[in-house]
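Note: the block below is my_file-v3.cif and it holds mmCIF, C-alpha atoms.
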data_entry
#
loop_
_atom_site.label_atom_id
_atom_site.label_comp_id
_atom_site.auth_asym_id
_atom_site.auth_seq_id
_atom_site.Cartn_x
_atom_site.Cartn_y
_atom_site.Cartn_z
CA MET A 1447 -69.66 111.92 21.12
CA THR A 1448 -68.61 108.45 22.24
CA LEU A 1449 -64.98 107.41 21.82
CA GLU A 1450 -64.04 103.73 21.97
CA ASN A 1451 -60.47 102.97 22.94
CA ILE A 1452 -59.27 100.14 20.67
CA SER A 1453 -55.68 99.84 21.84
CA GLN A 1454 -52.96 101.59 23.80
CA ASN A 1455 -49.20 101.20 24.09
CA LYS A 1456 -46.72 102.98 26.33
CA VAL A 1457 -43.83 104.39 24.32
CA TYR A 1458 -41.04 106.81 25.34
CA GLN A 1459 -42.90 107.42 28.62
CA GLY A 1460 -45.92 108.64 26.64
CA TRP A 1461 -48.86 106.79 25.14
CA HIS A 1462 -49.95 105.72 21.68
CA LYS A 1463 -53.72 105.18 21.69
CA GLN A 1464 -56.14 104.20 18.96
CA TYR A 1465 -59.83 105.13 19.01
CA SER A 1466 -62.98 104.69 16.96
CA HIS A 1467 -65.95 107.05 16.82
CA HIS A 1468 -68.91 107.89 14.62
CA SER A 1469 -68.16 110.80 12.29
CA SER A 1470 -70.97 113.22 11.54
CA SER A 1471 -68.96 114.70 8.65
CA LEU A 1472 -68.38 111.35 6.94
CA GLN A 1473 -71.53 109.54 8.12
CA CYS A 1474 -69.62 106.41 9.10
CA ASP A 1475 -67.43 105.04 11.86
CA MET A 1476 -63.83 106.25 11.76
CA GLN A 1477 -60.56 105.46 13.50
CA PHE A 1478 -57.72 107.73 14.55
CA ALA A 1479 -54.56 107.32 16.59
CA ILE A 1480 -53.01 109.77 19.03
CA PHE A 1481 -49.59 109.95 20.64
CA LEU A 1482 -49.60 111.80 23.96
CA PRO A 1483 -46.15 112.84 25.19
CA PRO A 1484 -45.30 112.26 28.87
CA ASN A 1485 -45.95 115.90 29.81
CA ALA A 1486 -49.53 115.83 28.48
CA ARG A 1487 -51.86 116.02 31.45
CA GLN A 1488 -54.95 117.89 32.53
CA GLY A 1489 -54.11 121.51 33.26
CA GLU A 1490 -50.97 121.36 31.09
CA PRO A 1491 -52.23 120.96 27.50
CA VAL A 1492 -49.72 120.26 24.74
CA PRO A 1493 -49.79 121.35 21.06
CA VAL A 1494 -50.73 118.89 18.31
CA LEU A 1495 -49.26 117.87 14.96
CA TYR A 1496 -51.96 116.47 12.66
CA TRP A 1497 -50.57 113.87 10.25
CA LEU A 1498 -52.26 113.04 6.92
CA SER A 1499 -51.17 109.78 5.28
CA GLY A 1500 -51.06 108.73 1.64
CA LEU A 1501 -52.94 106.41 -0.69
CA THR A 1502 -53.98 103.02 0.78
CA CYS A 1503 -52.84 104.03 4.28
CA SER A 1504 -54.76 104.05 7.56
CA ASP A 1505 -54.23 105.77 10.90
CA GLN A 1506 -51.48 103.25 11.75
CA ASN A 1507 -48.89 103.53 8.95
CA PHE A 1508 -47.25 106.66 10.31
CA MET A 1509 -47.52 105.59 13.94
CA GLN A 1510 -45.83 102.24 13.34
CA LYS A 1511 -43.23 103.17 10.72
CA ALA A 1512 -42.17 106.80 11.03
CA GLY A 1513 -40.13 106.61 14.24
CA ALA A 1514 -41.56 109.89 15.51
CA PHE A 1515 -42.27 109.17 19.17
CA ARG A 1516 -38.85 109.81 20.74
CA LYS A 1517 -38.56 113.31 19.29
CA ALA A 1518 -42.24 114.13 19.88
CA ALA A 1519 -41.86 113.08 23.53
CA GLU A 1520 -38.75 115.25 23.88
CA LEU A 1521 -40.53 118.27 22.36
CA GLY A 1522 -43.81 117.72 24.19
CA ILE A 1523 -45.88 117.49 21.02
CA ALA A 1524 -48.94 115.28 20.58
CA ILE A 1525 -49.45 113.62 17.19
CA VAL A 1526 -52.83 112.74 15.70
CA ALA A 1527 -52.94 110.42 12.68
CA MET A 1528 -56.31 109.86 11.03
CA ASP A 1529 -57.58 107.38 8.48
CA THR A 1530 -57.31 108.46 4.85
CA SER A 1531 -60.99 108.15 3.88
CA PRO A 1532 -64.42 107.13 5.10
CA ARG A 1533 -64.79 103.38 5.58
CA GLY A 1534 -67.52 100.75 5.71
CA GLU A 1535 -69.78 98.56 3.61
CA GLN A 1536 -72.18 101.45 3.03
CA VAL A 1537 -69.41 103.76 1.78
CA ALA A 1538 -68.83 104.06 -1.97
CA ASP A 1539 -65.64 102.40 -3.20
CA ASP A 1540 -63.68 101.60 -6.35
CA ASP A 1541 -61.59 98.62 -7.41
CA ASN A 1542 -58.53 100.82 -7.97
CA TYR A 1543 -56.27 101.83 -5.08
CA ASP A 1544 -56.22 105.51 -6.10
CA LEU A 1545 -59.97 106.10 -5.78
CA GLY A 1546 -62.52 105.37 -3.08
CA GLN A 1547 -61.72 103.91 0.31
CA GLY A 1548 -58.13 104.67 1.27
CA ALA A 1549 -58.05 107.55 -1.24
CA GLY A 1550 -60.13 110.40 0.16
CA PHE A 1551 -57.78 113.16 -1.11
CA TYR A 1552 -58.75 115.40 1.82
CA LEU A 1553 -61.52 117.21 -0.06
CA ASN A 1554 -65.29 117.55 0.14
CA ALA A 1555 -66.80 115.55 -2.72
CA THR A 1556 -69.74 117.04 -4.62
CA GLN A 1557 -70.53 114.21 -7.05
CA ALA A 1558 -72.55 111.01 -6.62
CA PRO A 1559 -71.93 108.44 -5.24
CA TRP A 1560 -69.08 110.08 -3.31
CA ALA A 1561 -70.71 113.21 -1.88
CA GLU A 1562 -72.57 111.43 0.93
CA HIS A 1563 -69.46 110.26 2.76
CA TYR A 1564 -66.32 111.74 1.20
CA ARG A 1565 -65.98 114.97 3.19
CA MET A 1566 -62.45 114.58 4.50
CA TYR A 1567 -61.76 118.33 4.31
CA ASP A 1568 -64.47 119.01 6.88
CA TYR A 1569 -63.30 116.08 9.01
CA VAL A 1570 -59.68 117.32 9.10
CA THR A 1571 -60.36 121.02 9.58
CA GLN A 1572 -63.43 120.95 11.83
CA GLU A 1573 -64.72 117.71 13.31
CA LEU A 1574 -61.54 115.90 14.37
CA PRO A 1575 -59.76 118.87 16.01
CA LYS A 1576 -62.88 119.64 18.06
CA LEU A 1577 -63.06 116.00 19.12
CA ILE A 1578 -59.37 115.88 20.07
CA GLU A 1579 -59.45 119.14 22.00
CA ALA A 1580 -62.58 118.09 23.91
CA ASN A 1581 -61.25 114.70 24.99
CA PHE A 1582 -57.48 114.95 25.44
CA PRO A 1583 -55.05 117.27 27.29
CA VAL A 1584 -54.11 119.26 24.19
CA SER A 1585 -54.21 122.94 23.33
CA SER A 1586 -55.61 124.64 20.26
CA ARG A 1587 -52.11 125.16 18.83
CA LYS A 1588 -51.85 122.95 15.75
CA ALA A 1589 -49.48 122.12 12.92
CA ILE A 1590 -50.23 119.96 9.89
CA ALA A 1591 -48.05 117.53 7.93
CA GLY A 1592 -48.43 114.62 5.56
CA HIS A 1593 -47.02 112.27 2.94
CA SER A 1594 -47.88 111.92 -0.76
CA MET A 1595 -51.68 112.30 -0.98
CA GLY A 1596 -51.45 113.46 2.64
CA GLY A 1597 -48.76 115.95 1.68
CA HIS A 1598 -51.24 117.34 -0.84
CA GLY A 1599 -53.78 117.53 1.98
CA ALA A 1600 -51.42 119.20 4.44
CA LEU A 1601 -50.30 121.87 1.97
CA SER A 1602 -53.73 122.67 0.53
CA ILE A 1603 -55.47 122.67 3.92
CA GLY A 1604 -52.75 124.70 5.62
CA LEU A 1605 -52.61 127.29 2.84
CA LYS A 1606 -56.39 127.77 3.00
CA ASN A 1607 -56.58 127.87 6.80
CA PRO A 1608 -53.54 129.80 8.06
CA GLN A 1609 -55.44 130.96 11.13
CA GLN A 1610 -55.76 127.36 12.33
CA TYR A 1611 -52.14 126.20 12.09
CA CYS A 1612 -48.69 127.30 13.17
CA SER A 1613 -46.70 125.52 10.44
CA ILE A 1614 -46.95 123.08 7.51
CA SER A 1615 -44.69 120.29 6.29
CA ALA A 1616 -44.85 117.52 3.72
CA PHE A 1617 -42.95 114.51 2.44
CA SER A 1618 -43.23 113.64 -1.27
CA PRO A 1619 -46.44 115.66 -1.71
CA ILE A 1620 -48.74 115.64 -4.72
CA VAL A 1621 -48.37 119.38 -5.23
CA ASN A 1622 -50.15 119.89 -8.55
CA PRO A 1623 -53.00 117.32 -8.63
CA MET A 1624 -54.76 119.14 -11.47
CA GLN A 1625 -51.86 118.12 -13.71
CA CYS A 1626 -51.14 114.52 -12.63
CA PRO A 1627 -52.99 111.23 -13.23
CA TRP A 1628 -53.77 110.56 -9.55
CA GLY A 1629 -55.25 114.00 -9.06
CA GLN A 1630 -57.13 114.18 -12.35
CA LYS A 1631 -58.78 110.82 -11.72
CA ALA A 1632 -59.79 111.69 -8.17
CA PHE A 1633 -60.91 115.25 -8.88
CA SER A 1634 -63.00 114.17 -11.89
CA ALA A 1635 -64.79 111.58 -9.78
CA TYR A 1636 -65.21 113.55 -6.57
CA LEU A 1637 -65.67 117.09 -7.93
CA GLY A 1638 -66.84 116.69 -11.53
CA HIS A 1639 -65.25 117.99 -14.72
CA ASP A 1640 -65.31 121.74 -14.10
CA ILE A 1641 -61.65 122.43 -13.37
CA GLU A 1642 -62.53 125.63 -11.52
CA THR A 1643 -63.80 123.40 -8.71
CA TRP A 1644 -60.40 121.68 -8.61
CA LYS A 1645 -58.31 124.80 -8.00
CA PRO A 1646 -59.13 125.16 -4.25
CA TYR A 1647 -57.49 121.77 -3.71
CA ASP A 1648 -54.35 122.33 -5.79
CA SER A 1649 -51.36 123.60 -3.78
CA CYS A 1650 -49.64 125.16 -6.78
CA GLU A 1651 -52.76 127.15 -7.60
CA LEU A 1652 -53.24 128.14 -3.98
CA ILE A 1653 -49.68 129.21 -3.25
CA LYS A 1654 -49.62 131.62 -6.21
CA GLN A 1655 -52.47 133.68 -4.78
CA THR A 1656 -52.41 133.07 -1.04
CA ASP A 1657 -51.80 135.61 1.69
CA CYS A 1658 -50.81 132.76 4.01
CA GLN A 1659 -47.44 133.34 5.67
CA LEU A 1660 -47.07 130.07 7.59
CA PRO A 1661 -43.60 128.50 7.53
CA ILE A 1662 -43.48 125.49 5.17
CA LEU A 1663 -40.99 122.63 4.92
CA VAL A 1664 -41.13 120.13 2.02
CA ASP A 1665 -38.83 117.13 1.56
CA GLN A 1666 -38.75 115.17 -1.68
CA GLY A 1667 -36.49 112.25 -2.62
CA ASP A 1668 -34.86 112.42 -6.04
CA ALA A 1669 -35.09 108.60 -6.41
CA ASP A 1670 -38.88 108.66 -5.92
CA ASN A 1671 -40.42 106.65 -8.75
CA PHE A 1672 -43.53 108.88 -8.68
CA LEU A 1673 -41.61 112.16 -8.90
CA LEU A 1674 -41.88 112.98 -12.59
CA GLU A 1675 -45.37 111.69 -13.39
CA GLN A 1676 -47.31 112.35 -10.19
CA LEU A 1677 -45.55 114.73 -7.80
CA HIS A 1678 -44.20 117.62 -9.92
CA THR A 1679 -42.07 119.18 -7.18
CA ASP A 1680 -40.47 121.54 -9.70
CA THR A 1681 -43.89 123.09 -10.33
CA LEU A 1682 -44.21 123.94 -6.64
CA VAL A 1683 -40.72 125.46 -6.62
CA GLU A 1684 -41.74 127.77 -9.46
CA ALA A 1685 -45.16 128.59 -7.99
CA ALA A 1686 -43.67 129.40 -4.58
CA LYS A 1687 -41.22 132.05 -5.78
CA ASN A 1688 -43.45 134.85 -4.51
CA TYR A 1689 -44.75 133.07 -1.42
CA PRO A 1690 -44.91 135.70 1.35
CA GLY A 1691 -43.81 133.33 4.11
CA GLU A 1692 -40.81 131.10 4.79
CA ILE A 1693 -40.71 128.04 2.52
CA ASN A 1694 -37.95 125.46 2.23
CA ILE A 1695 -38.29 122.81 -0.51
CA ARG A 1696 -35.47 120.26 -0.20
CA MET A 1697 -34.52 117.61 -2.74
CA GLN A 1698 -32.93 114.69 -0.88
CA ALA A 1699 -30.45 112.62 -2.91
CA GLY A 1700 -31.10 108.88 -3.21
CA TYR A 1701 -34.36 108.72 -1.24
CA ASP A 1702 -37.56 107.13 -2.53
CA HIS A 1703 -41.28 107.41 -1.68
CA SER A 1704 -41.28 105.04 1.30
CA TYR A 1705 -41.34 105.31 5.07
CA PHE A 1706 -37.59 104.69 5.01
CA PHE A 1707 -37.46 108.25 3.63
CA ILE A 1708 -39.92 109.63 6.17
CA SER A 1709 -38.15 108.02 9.13
CA SER A 1710 -34.84 109.52 7.96
CA PHE A 1711 -36.09 113.11 8.27
CA ILE A 1712 -39.10 113.00 10.62
CA GLU A 1713 -37.10 114.32 13.58
CA GLU A 1714 -36.11 117.36 11.52
CA HIS A 1715 -39.76 117.95 10.66
CA LEU A 1716 -40.80 117.63 14.30
CA ALA A 1717 -38.09 120.10 15.34
CA PHE A 1718 -39.28 122.46 12.58
CA HIS A 1719 -42.85 122.34 13.88
CA GLY A 1720 -41.73 122.48 17.50
CA GLN A 1721 -40.15 125.92 17.15
CA TYR A 1722 -43.57 127.31 16.17
CA LEU A 1723 -45.88 125.10 18.25
CA ASN A 1724 -43.96 125.74 21.47
CA THR A 1725 -43.55 129.49 21.02
#

Reformat the file's structure so that it appears as structure tokens.
Amino acid sequence: MTLENISQNKVYQGWHKQYSHHSSSLQCDMQFAIFLPPNARQGEPVPVLYWLSGLTCSDQNFMQKAGAFRKAAELGIAIVAMDTSPRGEQVADDDNYDLGQGAGFYLNATQAPWAEHYRMYDYVTQELPKLIEANFPVSSRKAIAGHSMGGHGALSIGLKNPQQYCSISAFSPIVNPMQCPWGQKAFSAYLGHDIETWKPYDSCELIKQTDCQLPILVDQGDADNFLLEQLHTDTLVEAAKNYPGEINIRMQAGYDHSYFFISSFIEEHLAFHGQYLNT
């Protein structure tokens, strides 16, 4: 598979690089960004944190706003940030920001016109890791994290694939999409109206019945204007009472839904993942 290097920037003695490639899962051209810490070199592969962003975001929001590079360089962790949906003129879209391009919800769509391209679950769990491991000095040790819609993706993907990851974290995640307007709109369009097909993508449903024991860290701001209607953190707290692994759900006073929040705690999340990735 051909990778095209779009840009590169030296940062904290490592490198931020952006690439494009043709995705067989999504049947379109895609972009991703990777941060390689200074110790990443052939013969000395480093572990990877995969970052999933939220609605309307691309592969660049986290890389430019989160302030993650200093700590990632210190810990020797690579970071991969992908786009949030398939893109292109041939890809189905919607006029609303919470459906279509920029709003892939990290699932495999089954309904027309979305099913042809909207297979972000396969892209995240299969295609992109294989591409990264084949082309960069990284190991197969992976963690997964995300924000908002990406927090939904990180939790649901990690809970379903505990053999692939070492740890999971999320900022302001949509934890119960079956019961919130964003999730109901997206799931109805992408998956149809049979709610049984929604459950494999709902973290609250998954965590009640999972045998996953991966460590999980969730941070949520109590001043988040989406908290009550869309995010339902309290539902995850209740659902996780019998989770067999370590889970820490923290409510952070005064913080909102923005990257100001993420940048305030990203080093703690990187340290959390580092203790498992570097074991």

Checklist line | Best match for closeness to Phe1707 (chain A) among A:Gly1691, A:Gly1489, A:Gly1513, A:Pro1627, counting all atoms listed in the file | finding: A:Gly1513

Next item on the list: For the structure shown, which residues end up in the PyMOL selection byres ((chain A and resi 1586-1593) around 8)? Put them as a count of residues only, please?
Entry: 32

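The gap separating CA of Phe1718 (chain A) from CA of Lys1463 (chain A) is 24.3 Å, in Å to one decimal.
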
Check: What gap, in Å, lies between CA of Ile1620 (chain A) and CA of Met1697 (chain A)?
Finding: 14.5 Å

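Minimum atom-to-atom distances from A:His1703, A:Lys1606, A:Lys1687, A:Arg1696 to Asp1670 (chain A) were compared using only C-alpha atoms, and the lowest value belongs to A:His1703.
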
Check: Nearest to Thr1502 (chain A): which of A:Ser1470, A:Gln1464, A:Gln1547, A:Asn1622 is it, counting only C-alpha atoms?
Finding: A:Gln1547

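Taken over the whole file, the PyMOL selection byres ((chain A and resi 1659) around 7) covers exactly Asp1657, Cys1658, Leu1660, Pro1661, Pro1690 and Gly1691 of chain A.
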
Checklist line | Contacts of His1462 (chain A) within 6 Å, only C-alpha atoms, excl. fewer than 4 positions in-chain, as a PyMOL selection string | finding: chain A and resi 1454-1455+1480-1481

Please, could all heavy atoms be added to region 1687-1698 of chain A and the result written as a tab-separated table (two decimals), keeping the file's coordinate frame?
chain	number	residue	atom	x	y	z
A	1687	LYS	N	-42.25	131.01	-5.74
A	1687	LYS	CA	-41.22	132.05	-5.78
A	1687	LYS	C	-41.66	133.34	-5.11
A	1687	LYS	O	-40.83	134.09	-4.57
A	1687	LYS	CB	-40.81	132.31	-7.23
A	1687	LYS	CG	-39.90	131.23	-7.80
A	1687	LYS	CD	-39.44	131.55	-9.21
A	1687	LYS	CE	-38.44	130.51	-9.71
A	1687	LYS	NZ	-38.01	130.79	-11.11
A	1688	ASN	N	-42.95	133.63	-5.13
A	1688	ASN	CA	-43.45	134.85	-4.51
A	1688	ASN	C	-44.23	134.58	-3.24
A	1688	ASN	O	-44.98	135.44	-2.77
A	1688	ASN	CB	-44.32	135.62	-5.51
A	1688	ASN	CG	-43.53	136.13	-6.70
A	1688	ASN	OD1	-42.43	136.66	-6.54
A	1688	ASN	ND2	-44.07	135.96	-7.89
A	1689	TYR	N	-44.05	133.39	-2.67
A	1689	TYR	CA	-44.75	133.07	-1.42
A	1689	TYR	C	-44.32	134.05	-0.33
A	1689	TYR	O	-43.12	134.25	-0.11
A	1689	TYR	CB	-44.43	131.63	-1.00
A	1689	TYR	CG	-45.11	131.21	0.28
A	1689	TYR	CD1	-46.49	131.12	0.37
A	1689	TYR	CD2	-44.35	130.89	1.42
A	1689	TYR	CE1	-47.10	130.74	1.55
A	1689	TYR	CE2	-44.96	130.49	2.60
A	1689	TYR	CZ	-46.34	130.43	2.66
A	1689	TYR	OH	-46.96	130.05	3.83
A	1690	PRO	N	-45.27	134.66	0.38
A	1690	PRO	CA	-44.91	135.70	1.35
A	1690	PRO	C	-44.30	135.19	2.64
A	1690	PRO	O	-43.77	135.98	3.43
A	1690	PRO	CB	-46.24	136.40	1.62
A	1690	PRO	CG	-47.29	135.38	1.32
A	1690	PRO	CD	-46.73	134.56	0.19
A	1691	GLY	N	-44.37	133.89	2.89
A	1691	GLY	CA	-43.81	133.33	4.11
A	1691	GLY	C	-42.52	132.58	3.85
A	1691	GLY	O	-41.98	132.57	2.74
A	1692	GLU	N	-42.02	131.92	4.89
A	1692	GLU	CA	-40.81	131.10	4.79
A	1692	GLU	C	-41.17	129.75	4.17
A	1692	GLU	O	-42.08	129.07	4.64
A	1692	GLU	CB	-40.23	130.87	6.19
A	1692	GLU	CG	-39.15	129.81	6.28
A	1692	GLU	CD	-38.95	129.31	7.71
A	1692	GLU	OE1	-39.39	129.97	8.65
A	1692	GLU	OE2	-38.36	128.21	7.85
A	1693	ILE	N	-40.48	129.35	3.12
A	1693	ILE	CA	-40.71	128.04	2.52
A	1693	ILE	C	-39.38	127.42	2.13
A	1693	ILE	O	-38.53	128.08	1.52
A	1693	ILE	CB	-41.68	128.11	1.31
A	1693	ILE	CG1	-41.97	126.69	0.78
A	1693	ILE	CG2	-41.18	129.04	0.23
A	1693	ILE	CD1	-43.14	126.63	-0.19
A	1694	ASN	N	-39.19	126.17	2.50
A	1694	ASN	CA	-37.95	125.46	2.23
A	1694	ASN	C	-38.31	124.14	1.55
A	1694	ASN	O	-38.91	123.26	2.18
A	1694	ASN	CB	-37.19	125.21	3.52
A	1694	ASN	CG	-35.80	124.64	3.29
A	1694	ASN	OD1	-35.34	124.53	2.16
A	1694	ASN	ND2	-35.13	124.26	4.37
A	1695	ILE	N	-38.00	124.01	0.26
A	1695	ILE	CA	-38.29	122.81	-0.51
A	1695	ILE	C	-36.96	122.11	-0.78
A	1695	ILE	O	-36.12	122.63	-1.51
A	1695	ILE	CB	-39.01	123.15	-1.83
A	1695	ILE	CG1	-40.28	123.95	-1.54
A	1695	ILE	CG2	-39.34	121.87	-2.60
A	1695	ILE	CD1	-40.93	124.52	-2.79
A	1696	ARG	N	-36.77	120.93	-0.16
A	1696	ARG	CA	-35.47	120.26	-0.20
A	1696	ARG	C	-35.56	118.98	-1.04
A	1696	ARG	O	-36.43	118.15	-0.83
A	1696	ARG	CB	-35.01	119.91	1.21
A	1696	ARG	CG	-35.08	121.08	2.19
A	1696	ARG	CD	-34.43	120.77	3.52
A	1696	ARG	NE	-35.01	119.64	4.23
A	1696	ARG	CZ	-34.71	119.31	5.49
A	1696	ARG	NH1	-33.84	120.06	6.18
A	1696	ARG	NH2	-35.27	118.27	6.07
A	1697	MET	N	-34.64	118.84	-1.96
A	1697	MET	CA	-34.52	117.61	-2.74
A	1697	MET	C	-33.44	116.75	-2.09
A	1697	MET	O	-32.28	117.16	-1.99
A	1697	MET	CB	-34.16	117.90	-4.19
A	1697	MET	CG	-34.23	116.70	-5.10
A	1697	MET	SD	-35.90	116.00	-5.28
A	1697	MET	CE	-36.72	117.30	-6.22
A	1698	GLN	N	-33.83	115.55	-1.64
A	1698	GLN	CA	-32.93	114.69	-0.88
A	1698	GLN	C	-32.39	113.57	-1.78
A	1698	GLN	O	-33.15	112.76	-2.29
A	1698	GLN	CB	-33.64	114.11	0.34
A	1698	GLN	CG	-34.23	115.17	1.28
A	1698	GLN	CD	-33.15	115.93	2.04
A	1698	GLN	OE1	-31.95	115.74	1.85
A	1698	GLN	NE2	-33.59	116.82	2.94
